[in-house]
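Colleague: Data file data15.cif (mmCIF, C-alpha atoms (C1' of nucleotides)) is appended below.
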data_protein
#
loop_
_atom_site.label_atom_id
_atom_site.label_comp_id
_atom_site.auth_asym_id
_atom_site.auth_seq_id
_atom_site.Cartn_x
_atom_site.Cartn_y
_atom_site.Cartn_z
CA MET Q 1 15.87 13.10 -39.07
CA THR Q 2 18.25 15.75 -37.76
CA GLU Q 3 19.24 13.40 -34.95
CA PRO Q 4 18.50 15.04 -31.64
CA GLU Q 5 20.97 13.89 -29.03
CA PRO Q 6 18.46 12.77 -26.39
CA PHE Q 7 16.82 10.36 -28.80
CA ILE Q 8 20.16 8.78 -29.65
CA ARG Q 9 20.94 8.39 -25.99
CA TYR Q 10 17.51 6.87 -25.44
CA ILE Q 11 18.21 4.27 -28.11
CA GLN Q 12 21.64 3.51 -26.77
CA ARG Q 13 20.24 2.97 -23.31
CA THR Q 14 17.93 0.36 -24.80
CA VAL Q 15 19.99 -1.59 -27.34
CA GLU Q 16 23.59 -1.55 -28.57
CA LEU Q 17 23.75 -0.46 -32.17
CA THR Q 18 26.65 0.15 -34.52
CA GLU Q 19 27.01 3.59 -36.12
CA GLU Q 20 25.48 2.22 -39.27
CA GLU Q 21 22.53 0.63 -37.55
CA LEU Q 22 21.90 3.78 -35.59
CA THR Q 23 21.78 5.74 -38.83
CA GLU Q 24 19.40 3.27 -40.42
CA PHE Q 25 17.20 3.26 -37.35
CA THR Q 26 16.96 7.01 -36.88
CA ALA Q 27 16.38 7.54 -40.59
CA ALA Q 28 12.95 5.99 -40.14
CA PHE Q 29 11.84 8.86 -37.90
CA LYS Q 30 10.61 12.23 -39.01
CA LEU Q 31 10.88 15.35 -36.91
CA LYS Q 32 7.62 17.20 -36.45
CA LYS Q 33 6.95 20.51 -34.77
CA LEU Q 34 3.64 20.92 -33.01
CA LYS Q 35 1.88 24.05 -31.87
CA LYS Q 36 0.09 24.02 -28.55
CA LYS Q 37 -3.43 22.55 -28.99
CA GLN Q 38 -2.45 20.74 -32.16
CA PHE Q 39 -3.83 17.19 -32.41
CA ILE Q 40 -1.81 14.27 -33.71
CA ILE Q 41 -4.40 11.55 -33.08
CA GLN Q 42 -8.18 11.75 -33.16
CA PRO Q 43 -10.96 9.18 -32.64
CA ASP Q 44 -12.10 7.24 -35.69
CA PHE Q 45 -8.84 7.85 -37.53
CA ILE Q 46 -6.14 5.20 -37.50
CA ALA Q 47 -3.07 6.23 -35.52
CA GLN Q 48 -0.38 6.30 -38.15
CA TYR Q 49 2.54 7.14 -35.91
CA ARG Q 50 4.25 6.36 -32.68
CA SER Q 51 5.84 9.57 -31.40
CA TYR Q 52 8.90 10.16 -29.25
CA VAL Q 53 8.83 13.53 -27.49
CA VAL Q 54 11.99 15.56 -28.09
CA GLU Q 55 10.62 18.68 -26.49
CA GLY Q 56 7.31 19.78 -25.06
CA ALA Q 57 4.37 17.95 -23.54
CA LEU Q 58 1.43 16.01 -24.93
CA ARG Q 59 -1.67 14.51 -23.45
CA SER Q 60 -3.81 11.60 -24.58
CA TYR Q 61 -7.41 11.38 -23.45
CA VAL Q 62 -10.79 9.87 -24.17
CA ILE Q 63 -14.22 11.39 -23.82
CA GLY Q 64 -16.66 9.15 -21.95
CA GLN Q 65 -20.39 8.67 -22.68
CA ASP Q 66 -21.07 11.42 -20.19
CA GLY Q 67 -18.94 13.84 -22.20
CA VAL Q 68 -16.29 14.02 -19.52
CA ASP Q 69 -12.65 14.08 -20.51
CA HIS Q 70 -10.30 11.43 -19.05
CA THR Q 71 -6.53 11.67 -19.37
CA ILE Q 72 -5.12 8.30 -20.35
CA ASN Q 73 -1.49 9.36 -20.47
CA PHE Q 74 0.82 12.23 -21.01
CA ALA Q 75 4.29 12.43 -22.37
CA ILE Q 76 7.09 14.90 -21.85
CA GLU Q 77 10.70 14.79 -23.09
CA ASP Q 78 12.06 11.27 -23.59
CA TRP Q 79 8.64 9.56 -23.47
CA TRP Q 80 6.54 7.96 -26.17
CA VAL Q 81 2.96 8.62 -27.03
CA SER Q 82 0.30 7.07 -29.26
CA ASP Q 83 -3.07 5.35 -29.04
CA LEU Q 84 -1.63 1.88 -28.56
CA ASN Q 85 -4.72 -0.08 -29.53
CA SER Q 86 -5.05 1.95 -32.67
CA TYR Q 87 -1.41 2.05 -33.67
CA LEU Q 88 -0.49 -1.57 -32.93
CA TYR Q 89 -3.54 -3.07 -34.56
CA GLN Q 90 -4.13 -0.33 -37.15
CA LYS Q 91 -7.74 0.17 -36.26
CA PRO Q 92 -9.63 3.40 -35.56
CA ALA Q 93 -8.47 5.34 -32.52
CA THR Q 94 -10.62 6.02 -29.48
CA MET Q 95 -8.25 8.61 -28.07
CA PHE Q 96 -7.24 12.17 -28.75
CA VAL Q 97 -3.57 13.06 -28.54
CA VAL Q 98 -2.89 16.77 -28.31
CA ALA Q 99 0.09 19.01 -27.64
CA ILE Q 100 -0.34 20.95 -24.41
CA GLU Q 101 2.79 23.01 -25.10
CA ASP Q 102 4.57 23.82 -28.35
CA SER Q 103 6.39 20.54 -28.92
CA THR Q 104 8.81 18.66 -31.11
CA VAL Q 105 8.31 14.96 -31.71
CA LEU Q 106 10.01 12.23 -33.71
CA GLN Q 107 7.48 10.09 -35.51
CA ILE Q 108 7.75 6.66 -37.01
CA GLU Q 109 5.08 5.38 -39.34
CA TYR Q 110 3.53 1.95 -38.74
CA GLU Q 111 4.83 0.44 -41.97
CA ASN Q 112 8.33 1.72 -41.33
CA GLU Q 113 8.33 0.25 -37.87
CA GLN Q 114 7.31 -3.13 -39.30
CA ARG Q 115 10.10 -2.92 -41.84
CA LEU Q 116 12.70 -2.07 -39.19
CA LYS Q 117 11.59 -4.89 -36.93
CA GLN Q 118 11.92 -7.38 -39.76
CA ALA Q 119 15.19 -6.04 -41.02
CA ASN Q 120 17.26 -6.35 -37.86
CA HIS Q 121 17.00 -8.49 -34.76
CA LYS Q 122 18.26 -5.59 -32.62
CA PHE Q 123 15.53 -3.28 -33.87
CA GLU Q 124 13.01 -5.94 -32.93
CA THR Q 125 14.60 -6.06 -29.50
CA PHE Q 126 14.22 -2.31 -29.19
CA PHE Q 127 10.49 -2.45 -29.74
CA ARG Q 128 10.12 -5.51 -27.53
CA ILE Q 129 11.74 -3.62 -24.67
CA ALA Q 130 9.59 -0.58 -25.34
CA ALA Q 131 6.44 -2.70 -25.18
CA GLU Q 132 7.60 -4.38 -21.97
CA ARG Q 133 8.22 -1.03 -20.33
CA THR Q 134 4.78 0.15 -21.32
CA ALA Q 135 3.15 -3.03 -20.01
CA ALA Q 136 5.00 -2.85 -16.70
CA PHE Q 137 4.19 0.84 -16.35
CA HIS Q 138 0.50 0.22 -16.97
CA GLN Q 139 0.56 -2.60 -14.46
CA ARG Q 140 1.82 -0.26 -11.76
CA ARG Q 141 -0.84 2.25 -12.61
CA ILE Q 142 -3.60 -0.36 -12.38
CA ILE Q 143 -2.33 -1.43 -8.96
CA SER Q 144 -2.30 2.19 -7.82
CA ALA Q 145 -5.84 2.79 -9.09
CA LEU Q 146 -7.15 -0.31 -7.31
CA THR Q 147 -5.37 0.02 -4.00
CA ARG Q 148 -4.98 3.70 -3.18
CA THR Q 149 -7.23 6.63 -2.28
CA ALA Q 150 -7.36 9.82 -4.34
CA GLU Q 151 -5.03 11.62 -1.95
CA GLU Q 152 -2.53 8.75 -1.90
CA ARG Q 153 -2.54 8.53 -5.67
CA TYR Q 154 -1.75 12.22 -5.90
CA ASN Q 155 1.07 11.98 -3.38
CA ASP Q 156 2.53 8.95 -5.14
CA PHE Q 157 2.33 10.85 -8.39
CA LEU Q 158 4.24 13.81 -6.95
CA LEU Q 159 6.96 11.47 -5.73
CA VAL Q 160 7.31 9.51 -8.95
CA TYR Q 161 6.87 12.34 -11.48
CA PRO Q 162 7.76 15.60 -9.74
CA SER Q 163 8.81 17.28 -12.98
CA VAL Q 164 5.65 16.23 -14.78
CA ALA Q 165 3.50 17.44 -11.92
CA GLN Q 166 4.93 20.94 -12.21
CA ARG Q 167 4.38 21.24 -15.92
CA LEU Q 168 0.94 19.84 -16.49
CA PRO Q 169 -2.30 21.70 -15.94
CA GLN Q 170 -4.10 20.40 -12.88
CA TYR Q 171 -7.19 19.26 -14.70
CA ALA Q 172 -4.98 16.88 -16.68
CA ILE Q 173 -3.38 15.46 -13.54
CA ALA Q 174 -6.74 15.11 -11.82
CA SER Q 175 -8.32 13.20 -14.66
CA TYR Q 176 -5.19 11.06 -15.07
CA LEU Q 177 -5.46 10.09 -11.41
CA GLY Q 178 -9.16 9.41 -11.73
CA MET Q 179 -10.67 12.30 -9.78
CA THR Q 180 -12.29 15.66 -10.49
CA THR Q 181 -10.31 18.91 -10.70
CA GLU Q 182 -12.31 20.25 -7.78
CA PHE Q 183 -11.34 17.37 -5.57
CA LEU Q 184 -7.67 17.60 -6.51
CA SER Q 185 -7.81 21.29 -5.71
CA LYS Q 186 -9.14 20.48 -2.26
CA ILE Q 187 -6.47 17.85 -1.68
CA ARG Q 188 -3.75 20.33 -2.65
CA ASN Q 189 -5.12 22.96 -0.33
CA HIS Q 190 -5.80 20.55 2.50
CA LYS Q 191 -9.47 21.28 2.32
CA VAL Q 192 -10.50 17.65 2.46
CA ARG Q 193 -12.43 17.01 5.64
CA LYS Q 194 -11.97 13.49 6.94
CA LYS Q 195 -14.07 11.43 9.27
CA ASN Q 196 -11.19 10.28 11.53
CA MET V 1 7.74 -30.37 -22.36
CA THR V 2 5.13 -32.90 -23.45
CA GLU V 3 3.84 -30.41 -26.04
CA PRO V 4 0.21 -29.65 -25.32
CA GLU V 5 -1.56 -28.85 -28.54
CA PRO V 6 -3.13 -25.55 -27.47
CA PHE V 7 0.27 -24.09 -26.65
CA ILE V 8 1.61 -25.02 -30.07
CA ARG V 9 -1.38 -23.44 -31.70
CA TYR V 10 -0.89 -20.33 -29.57
CA ILE V 11 2.70 -20.05 -30.80
CA GLN V 12 1.72 -20.60 -34.40
CA ARG V 13 -0.90 -17.92 -34.18
CA THR V 14 1.82 -15.52 -33.08
CA VAL V 15 4.90 -16.33 -35.21
CA GLU V 16 5.74 -18.74 -38.02
CA LEU V 17 8.27 -21.29 -36.89
CA THR V 18 9.80 -24.30 -38.60
CA GLU V 19 9.42 -27.71 -36.96
CA GLU V 20 12.92 -27.40 -35.59
CA GLU V 21 12.41 -23.96 -34.17
CA LEU V 22 9.15 -25.03 -32.60
CA THR V 23 10.95 -27.88 -30.87
CA GLU V 24 13.71 -25.62 -29.63
CA PHE V 25 11.20 -23.08 -28.40
CA THR V 26 8.90 -25.45 -26.57
CA ALA V 27 11.85 -27.27 -25.02
CA ALA V 28 12.45 -24.20 -22.89
CA PHE V 29 9.12 -24.69 -21.11
CA LYS V 30 8.43 -27.05 -18.25
CA LEU V 31 5.02 -28.48 -17.51
CA LYS V 32 3.89 -27.96 -13.94
CA LYS V 33 0.78 -29.25 -12.19
CA LEU V 34 -0.74 -27.05 -9.53
CA LYS V 35 -3.21 -27.91 -6.82
CA LYS V 36 -5.96 -25.44 -6.01
CA LYS V 37 -4.64 -22.81 -3.57
CA GLN V 38 -1.03 -23.44 -4.56
CA PHE V 39 1.07 -20.28 -4.95
CA ILE V 40 3.56 -19.78 -7.74
CA ILE V 41 4.55 -16.20 -6.91
CA GLN V 42 4.72 -14.46 -3.54
CA PRO V 43 5.73 -10.95 -2.46
CA ASP V 44 9.42 -10.39 -1.71
CA PHE V 45 10.50 -13.33 -3.84
CA ILE V 46 11.65 -12.75 -7.40
CA ALA V 47 9.25 -14.12 -10.01
CA GLN V 48 11.34 -16.77 -11.73
CA TYR V 49 8.81 -17.79 -14.33
CA ARG V 50 6.33 -16.62 -16.87
CA SER V 51 3.52 -19.17 -17.01
CA TYR V 52 1.20 -20.15 -19.84
CA VAL V 53 -2.03 -21.74 -18.60
CA VAL V 54 -2.71 -25.09 -20.26
CA GLU V 55 -5.59 -25.93 -17.98
CA GLY V 56 -7.23 -24.38 -14.94
CA ALA V 57 -7.40 -20.86 -13.57
CA LEU V 58 -5.06 -18.61 -11.63
CA ARG V 59 -5.39 -15.27 -9.96
CA SER V 60 -2.82 -12.58 -9.22
CA TYR V 61 -3.47 -10.08 -6.47
CA VAL V 62 -1.88 -7.61 -4.11
CA ILE V 63 -2.76 -6.80 -0.53
CA GLY V 64 -3.09 -3.05 0.12
CA GLN V 65 -2.00 -1.14 3.25
CA ASP V 66 -5.51 -1.65 4.59
CA GLY V 67 -5.14 -5.41 4.33
CA VAL V 68 -7.67 -5.64 1.53
CA ASP V 69 -7.07 -8.01 -1.34
CA HIS V 70 -7.10 -6.62 -4.92
CA THR V 71 -7.17 -8.84 -7.98
CA ILE V 72 -4.69 -7.57 -10.54
CA ASN V 73 -5.34 -10.23 -13.14
CA PHE V 74 -6.46 -13.73 -13.72
CA ALA V 75 -5.60 -16.27 -16.30
CA ILE V 76 -7.46 -19.24 -17.70
CA GLU V 77 -6.55 -21.55 -20.58
CA ASP V 78 -4.41 -19.91 -23.25
CA TRP V 79 -3.45 -16.89 -21.12
CA TRP V 80 -0.19 -15.91 -19.48
CA VAL V 81 0.41 -14.98 -15.90
CA SER V 82 3.28 -13.55 -13.86
CA ASP V 83 4.16 -10.49 -11.78
CA LEU V 84 5.41 -8.45 -14.73
CA ASN V 85 7.42 -5.91 -12.78
CA SER V 86 9.12 -8.69 -10.87
CA TYR V 87 9.71 -11.06 -13.75
CA LEU V 88 10.85 -8.55 -16.37
CA TYR V 89 13.20 -6.67 -14.08
CA GLN V 90 14.05 -9.57 -11.77
CA LYS V 91 13.25 -7.69 -8.61
CA PRO V 92 11.11 -8.78 -5.65
CA ALA V 93 7.44 -9.36 -6.40
CA THR V 94 4.62 -7.36 -4.89
CA MET V 95 1.96 -9.78 -6.03
CA PHE V 96 0.67 -13.21 -5.11
CA VAL V 97 -0.17 -15.60 -7.91
CA VAL V 98 -2.28 -18.54 -6.84
CA ALA V 99 -4.18 -21.38 -8.53
CA ILE V 100 -7.91 -21.06 -7.95
CA GLU V 101 -8.54 -24.45 -9.56
CA ASP V 102 -6.26 -27.46 -10.01
CA SER V 103 -4.21 -26.26 -12.96
CA THR V 104 -1.51 -27.14 -15.44
CA VAL V 105 0.92 -24.47 -16.60
CA LEU V 106 3.91 -24.27 -18.88
CA GLN V 107 6.69 -22.28 -17.31
CA ILE V 108 9.71 -20.60 -18.78
CA GLU V 109 12.51 -19.40 -16.58
CA TYR V 110 13.82 -15.85 -16.97
CA GLU V 111 17.30 -16.90 -18.08
CA ASN V 112 15.90 -19.30 -20.64
CA GLU V 113 13.67 -16.62 -22.06
CA GLN V 114 16.67 -14.33 -22.43
CA ARG V 115 18.60 -17.07 -24.17
CA LEU V 116 15.75 -17.77 -26.59
CA LYS V 117 15.29 -14.11 -27.44
CA GLN V 118 18.98 -13.77 -28.27
CA ALA V 119 19.18 -17.00 -30.19
CA ASN V 120 16.52 -16.34 -32.78
CA HIS V 121 14.94 -13.23 -34.22
CA LYS V 122 11.57 -14.99 -34.44
CA PHE V 123 11.63 -15.86 -30.76
CA GLU V 124 12.31 -12.22 -30.01
CA THR V 125 9.32 -11.34 -32.18
CA PHE V 126 7.17 -13.74 -30.20
CA PHE V 127 7.93 -11.99 -26.93
CA ARG V 128 7.59 -8.56 -28.51
CA ILE V 129 4.08 -9.42 -29.63
CA ALA V 130 3.25 -10.86 -26.22
CA ALA V 131 4.38 -7.64 -24.54
CA GLU V 132 2.40 -5.53 -26.99
CA ARG V 133 -0.74 -7.52 -26.34
CA THR V 134 -0.29 -7.09 -22.62
CA ALA V 135 0.29 -3.35 -22.95
CA ALA V 136 -2.75 -2.88 -25.19
CA PHE V 137 -4.88 -4.99 -22.86
CA HIS V 138 -3.82 -2.94 -19.84
CA GLN V 139 -4.56 0.24 -21.75
CA ARG V 140 -8.14 -0.86 -22.33
CA ARG V 141 -8.52 -1.73 -18.69
CA ILE V 142 -7.25 1.67 -17.59
CA ILE V 143 -9.73 3.38 -19.90
CA SER V 144 -12.53 1.27 -18.49
CA ALA V 145 -11.54 2.04 -14.90
CA LEU V 146 -11.42 5.78 -15.60
CA THR V 147 -14.54 6.17 -17.69
CA ARG V 148 -17.12 3.66 -16.50
CA THR V 149 -19.26 3.12 -13.42
CA ALA V 150 -19.08 -0.08 -11.37
CA GLU V 151 -22.18 -1.47 -13.04
CA GLU V 152 -20.93 -0.63 -16.52
CA ARG V 153 -17.57 -2.22 -15.81
CA TYR V 154 -19.30 -5.39 -14.73
CA ASN V 155 -21.51 -5.51 -17.81
CA ASP V 156 -18.54 -4.85 -20.08
CA PHE V 157 -16.70 -7.64 -18.34
CA LEU V 158 -19.55 -10.07 -18.92
CA LEU V 159 -19.57 -9.20 -22.60
CA VAL V 160 -15.83 -9.46 -23.12
CA TYR V 161 -15.07 -12.46 -20.89
CA PRO V 162 -18.28 -14.46 -20.52
CA SER V 163 -16.40 -17.71 -19.96
CA VAL V 164 -14.12 -16.17 -17.34
CA ALA V 165 -17.08 -14.64 -15.54
CA GLN V 166 -18.69 -18.04 -15.10
CA ARG V 167 -15.63 -19.71 -13.68
CA LEU V 168 -14.22 -17.20 -11.26
CA PRO V 169 -15.46 -16.66 -7.73
CA GLN V 170 -17.32 -13.38 -7.43
CA TYR V 171 -14.98 -11.82 -4.92
CA ALA V 172 -12.22 -12.14 -7.51
CA ILE V 173 -14.28 -10.47 -10.20
CA ALA V 174 -15.39 -7.70 -7.84
CA SER V 175 -11.87 -6.84 -6.76
CA TYR V 176 -10.63 -7.06 -10.36
CA LEU V 177 -13.26 -4.53 -11.35
CA GLY V 178 -12.41 -2.28 -8.41
CA MET V 179 -15.46 -2.71 -6.20
CA THR V 180 -16.46 -4.68 -3.12
CA THR V 181 -18.05 -8.15 -3.22
CA GLU V 182 -21.11 -6.73 -1.52
CA PHE V 183 -21.60 -4.11 -4.17
CA LEU V 184 -21.15 -6.57 -7.02
CA SER V 185 -23.70 -8.80 -5.35
CA LYS V 186 -26.16 -5.92 -5.32
CA ILE V 187 -25.50 -5.12 -8.95
CA ARG V 188 -26.08 -8.74 -9.94
CA ASN V 189 -29.32 -8.88 -8.04
CA HIS V 190 -30.49 -5.46 -9.16
CA LYS V 191 -30.46 -4.19 -5.64
CA VAL V 192 -28.67 -0.97 -6.49
CA ARG V 193 -30.96 1.95 -5.83
CA LYS V 194 -30.30 4.84 -8.19
CA LYS V 195 -31.18 8.47 -8.00
CA ASN V 196 -32.63 8.72 -11.49
"C1'" DA R 1 -21.61 -36.28 10.68
"C1'" DA R 2 -20.59 -32.35 13.24
"C1'" DA R 3 -17.99 -28.26 13.12
"C1'" DT R 4 -15.75 -24.84 10.67
"C1'" DT R 5 -14.64 -22.16 6.87
"C1'" DC R 6 -15.74 -19.95 2.59
"C1'" DG R 7 -18.49 -17.51 -0.83
"C1'" DG R 8 -22.28 -14.93 -1.36
"C1'" DT R 9 -26.58 -11.97 0.11
"C1'" DT R 10 -29.07 -8.25 2.31
"C1'" DG R 11 -30.05 -3.86 4.70
"C1'" DA R 12 -28.76 0.22 7.28
"C1'" DA R 13 -25.47 3.62 8.24
"C1'" DC R 14 -21.64 6.01 6.52
"C1'" DT R 15 -18.05 8.47 3.59
"C1'" DA R 16 -14.93 9.52 -0.23
"C1'" DC R 17 -15.67 11.74 -3.92
"C1'" DT R 18 -18.80 14.29 -7.32
"C1'" DT R 19 -21.77 17.88 -8.87
"C1'" DC R 20 -23.20 22.37 -9.13
"C1'" DA R 21 -22.77 27.09 -8.81
"C1'" DA R 22 -20.48 31.26 -7.91
"C1'" DC R 23 -16.22 33.69 -7.88
"C1'" DT R 24 -11.09 34.99 -8.92
"C1'" DC R 25 -7.08 35.36 -11.59
"C1'" DT R 26 -4.61 34.60 -15.85
"C1'" DT R 27 -4.24 33.94 -20.62
"C1'" DT R 28 -5.90 34.32 -25.20
"C1'" DT R 29 -8.47 36.53 -28.81
"C1'" DC R 30 -10.07 40.09 -31.80
"C1'" DG M 1 -6.81 46.85 -24.56
"C1'" DA M 2 -11.52 45.22 -23.77
"C1'" DA M 3 -13.89 41.03 -23.89
"C1'" DA M 4 -14.02 36.32 -23.63
"C1'" DA M 5 -12.33 31.96 -22.54
"C1'" DG M 6 -9.54 28.95 -19.63
"C1'" DA M 7 -7.69 27.24 -15.26
"C1'" DG M 8 -8.19 26.94 -10.52
"C1'" DT M 9 -10.72 27.66 -5.78
"C1'" DT M 10 -14.33 27.23 -2.42
"C1'" DG M 11 -18.58 25.64 -0.12
"C1'" DA M 12 -22.97 23.25 0.07
"C1'" DA M 13 -25.64 19.46 -1.30
"C1'" DG M 14 -25.88 14.98 -3.31
"C1'" DT M 15 -24.65 10.07 -4.50
"C1'" DA M 16 -21.98 5.94 -5.96
"C1'" DG M 17 -19.90 2.86 -3.64
"C1'" DT M 18 -18.07 1.17 1.20
"C1'" DT M 19 -18.42 -0.71 5.73
"C1'" DC M 20 -20.40 -3.36 9.12
"C1'" DA M 21 -23.05 -6.89 10.92
"C1'" DA M 22 -26.07 -10.62 10.61
"C1'" DC M 23 -27.44 -14.44 7.99
"C1'" DC M 24 -27.53 -18.53 4.56
"C1'" DG M 25 -26.03 -22.55 2.06
"C1'" DA M 26 -22.30 -25.28 0.25
"C1'" DA M 27 -17.92 -27.05 0.53
"C1'" DT M 28 -14.03 -28.52 3.34
"C1'" DT M 29 -11.96 -30.17 7.48
"C1'" DT M 30 -11.79 -33.05 11.51
#
Can you dump the structure from the file as structure tokens?
Modeller:
Amino acid sequence: MTEPEPFIRYIQRTVELTEEELTEFTAAFKLKKLKKKQFIIQPDFIAQYRSYVVEGALRSYVIGQDGVDHTINFAIEDWWVSDLNSYLYQKPATMFVVAIEDSTVLQIEYENEQRLKQANHKFETFFRIAAERTAAFHQRRIISALTRTAEERYNDFLLVYPSVAQRLPQYAIASYLGMTTEFLSKIRNHKVRKKN
Amino acid sequence: MTEPEPFIRYIQRTVELTEEELTEFTAAFKLKKLKKKQFIIQPDFIAQYRSYVVEGALRSYVIGQDGVDHTINFAIEDWWVSDLNSYLYQKPATMFVVAIEDSTVLQIEYENEQRLKQANHKFETFFRIAAERTAAFHQRRIISALTRTAEERYNDFLLVYPSVAQRLPQYAIASYLGMTTEFLSKIRNHKVRKKN
DNA sequence: AAATTCGGTTGAACTACTTCAACTCTTTTC
DNA sequence: GAAAAGAGTTGAAGTAGTTCAACCGAATTT
């Protein structure tokens, strides 16, 4: 790795490592440049990597029976992305993960992650915290999906991820929030007629 | 703890511990009996415990602006339950967690969990795996919510959790799956009229 | 054991959101 | 640089799922 600063800061915000440990840890990651529209995960293939976004934006999605595309997550700078169920359990993916801008990511391979976790208690702690954050994040999203209307979900999203909202195409935001692009367009332009 | 067998087996399925470690680990848990309708977590209070269900069934839910009750999760034997965002970050809960049958749980206090994780790499691994399972589980639920109709979600649920489906009241299942009790009732009795 | 509450059912009316189709503007491709 | 594809907008019609209200039986309370 050529050690991008933000990644090092991300690690240091999570666990306290010595210089040596930091070197060992970051050595397990490989820098990869992605062109817009390039895929890093596809259904039926096993997700080999977990990727930290250094620069750019990626989107993960599934295609339902009906052929409609549903955004499961996206990731911009300082976020992680993978197909969790594929990566963690090394079974075939159900998701696509694609770059929606030219991007740079740091990737760790499954086997290398296992090795790191075994080698050092602190590295294990790092991945434990990462998993907890993901679980807690998903929990909040589930609550939002169950309790809020389309318009509320969009407004919440703008408040929580203003920078993301500006960078992503609207169809990605709409399908992430569980609505059609058309409906999101109407919400944004106050074209939603209410019975109240 | 009085060491219920299923809990020990759960631990051994997750990490390999020596007799001594197992004793140290289980000592951090306290057995608690719950009467039906007893709450263990309530909004505005900090979730102090993570609870493993030895026997019985619990339900976690939030109440939306509209006053409607939404099931976030439930837990039967061999599952865990808590308000993750409250417990992990020790901030006020947004959820209720209540026993829907007389139940027995094993509870670990936040501070004790922290102590265990620091004390032994394997204990850290245990909680890392637990967090990963939760994250992966939530991911699957999000995909289901985004890609499937109410009826499909119910059928999927029956397939994946047949035992849970038999034990839980229907209003809990309905609100877990993101629909009303009335609609689930119609699905179950094939009273849903389709335009196809 | 009567009264109340709780969980579930049913039908009719309603609505939040989708679908479809047509159009515009921007970006990409050859 | 013309043509095609991609992203977003708008309106009209349609539908999956909600709401409301009335009812039933079983469990819980008094």
Colleague: List the neighbours of DA21 in chain M out to 12 Å using only C-alpha atoms (C1' of nucleotides); skip same-chain residues closer than 4 positions along the sequence, and give me the result as a PyMOL selection string.
Modeller: chain R and resi 10-13
Colleague: Go through the shown structure with the PyMOL selection byres ((chain R and resi 19) around 8) and write out the matching residues as a PyMOL selection string.
Modeller: (chain R and resi 18+20) or (chain M and resi 14)
Colleague: Write out as a PDB file with C-alpha atoms (C1' of nucleotides), in the coordinates of the input which residues come within 12 Å of DT9 in chain M when counting all atoms listed in the file, dropping same-chain ones fewer than 3 positions away.
Modeller:
ATOM      1  CA  THR Q 181     -10.310  18.910 -10.700  1.00  0.00           C
ATOM      2  CA  GLU Q 182     -12.310  20.250  -7.780  1.00  0.00           C
ATOM      3  CA  PHE Q 183     -11.340  17.370  -5.570  1.00  0.00           C
ATOM      4  CA  LEU Q 184      -7.670  17.600  -6.510  1.00  0.00           C
ATOM      5  CA  SER Q 185      -7.810  21.290  -5.710  1.00  0.00           C
ATOM      6  CA  LYS Q 186      -9.140  20.480  -2.260  1.00  0.00           C
ATOM      7  CA  ILE Q 187      -6.470  17.850  -1.680  1.00  0.00           C
ATOM      8  CA  ARG Q 188      -3.750  20.330  -2.650  1.00  0.00           C
ATOM      9  CA  ASN Q 189      -5.120  22.960  -0.330  1.00  0.00           C
ATOM     10  CA  HIS Q 190      -5.800  20.550   2.500  1.00  0.00           C
ATOM     11  CA  LYS Q 191      -9.470  21.280   2.320  1.00  0.00           C
TER      12      LYS Q 191
ATOM     13  C1'  DA R  22     -20.480  31.260  -7.910  1.00  0.00           C
ATOM     14  C1'  DC R  23     -16.220  33.690  -7.880  1.00  0.00           C
ATOM     15  C1'  DT R  24     -11.090  34.990  -8.920  1.00  0.00           C
ATOM     16  C1'  DC R  25      -7.080  35.360 -11.590  1.00  0.00           C
TER      17       DC R  25
END
Colleague: Given the file above and the PyMOL selection byres ((chain R and resi 2) around 12), which residues are selected, and can you give them as a list in words?
Modeller: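 Applying the expression gives DA1, DA3 and DT4 of chain R; DT29 and DT30 of chain M.
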Colleague: Using all atoms listed in the file and a distance of at most 9 Å, pull out the residues of chain R that contact chain Q, as a ChimeraX atom specification.
Modeller: /R:15-18
Colleague: Which residues of chain M come within 9 Å of chain V, and for each one, what is the closest pair of atoms and their distance in Å to one decimal, counting only C-alpha atoms (C1' of nucleotides), sorted by chain and residue number, as JSON lines?
Modeller:
{"residue": "M:DT15", "atom": "C1'", "partner": "V:Lys195", "partner_atom": "CA", "distance": 7.6}
{"residue": "M:DA16", "atom": "C1'", "partner": "V:Thr149", "partner_atom": "CA", "distance": 8.4}
{"residue": "M:DG17", "atom": "C1'", "partner": "V:Phe183", "partner_atom": "CA", "distance": 7.2}
{"residue": "M:DT18", "atom": "C1'", "partner": "V:Thr180", "partner_atom": "CA", "distance": 7.4}
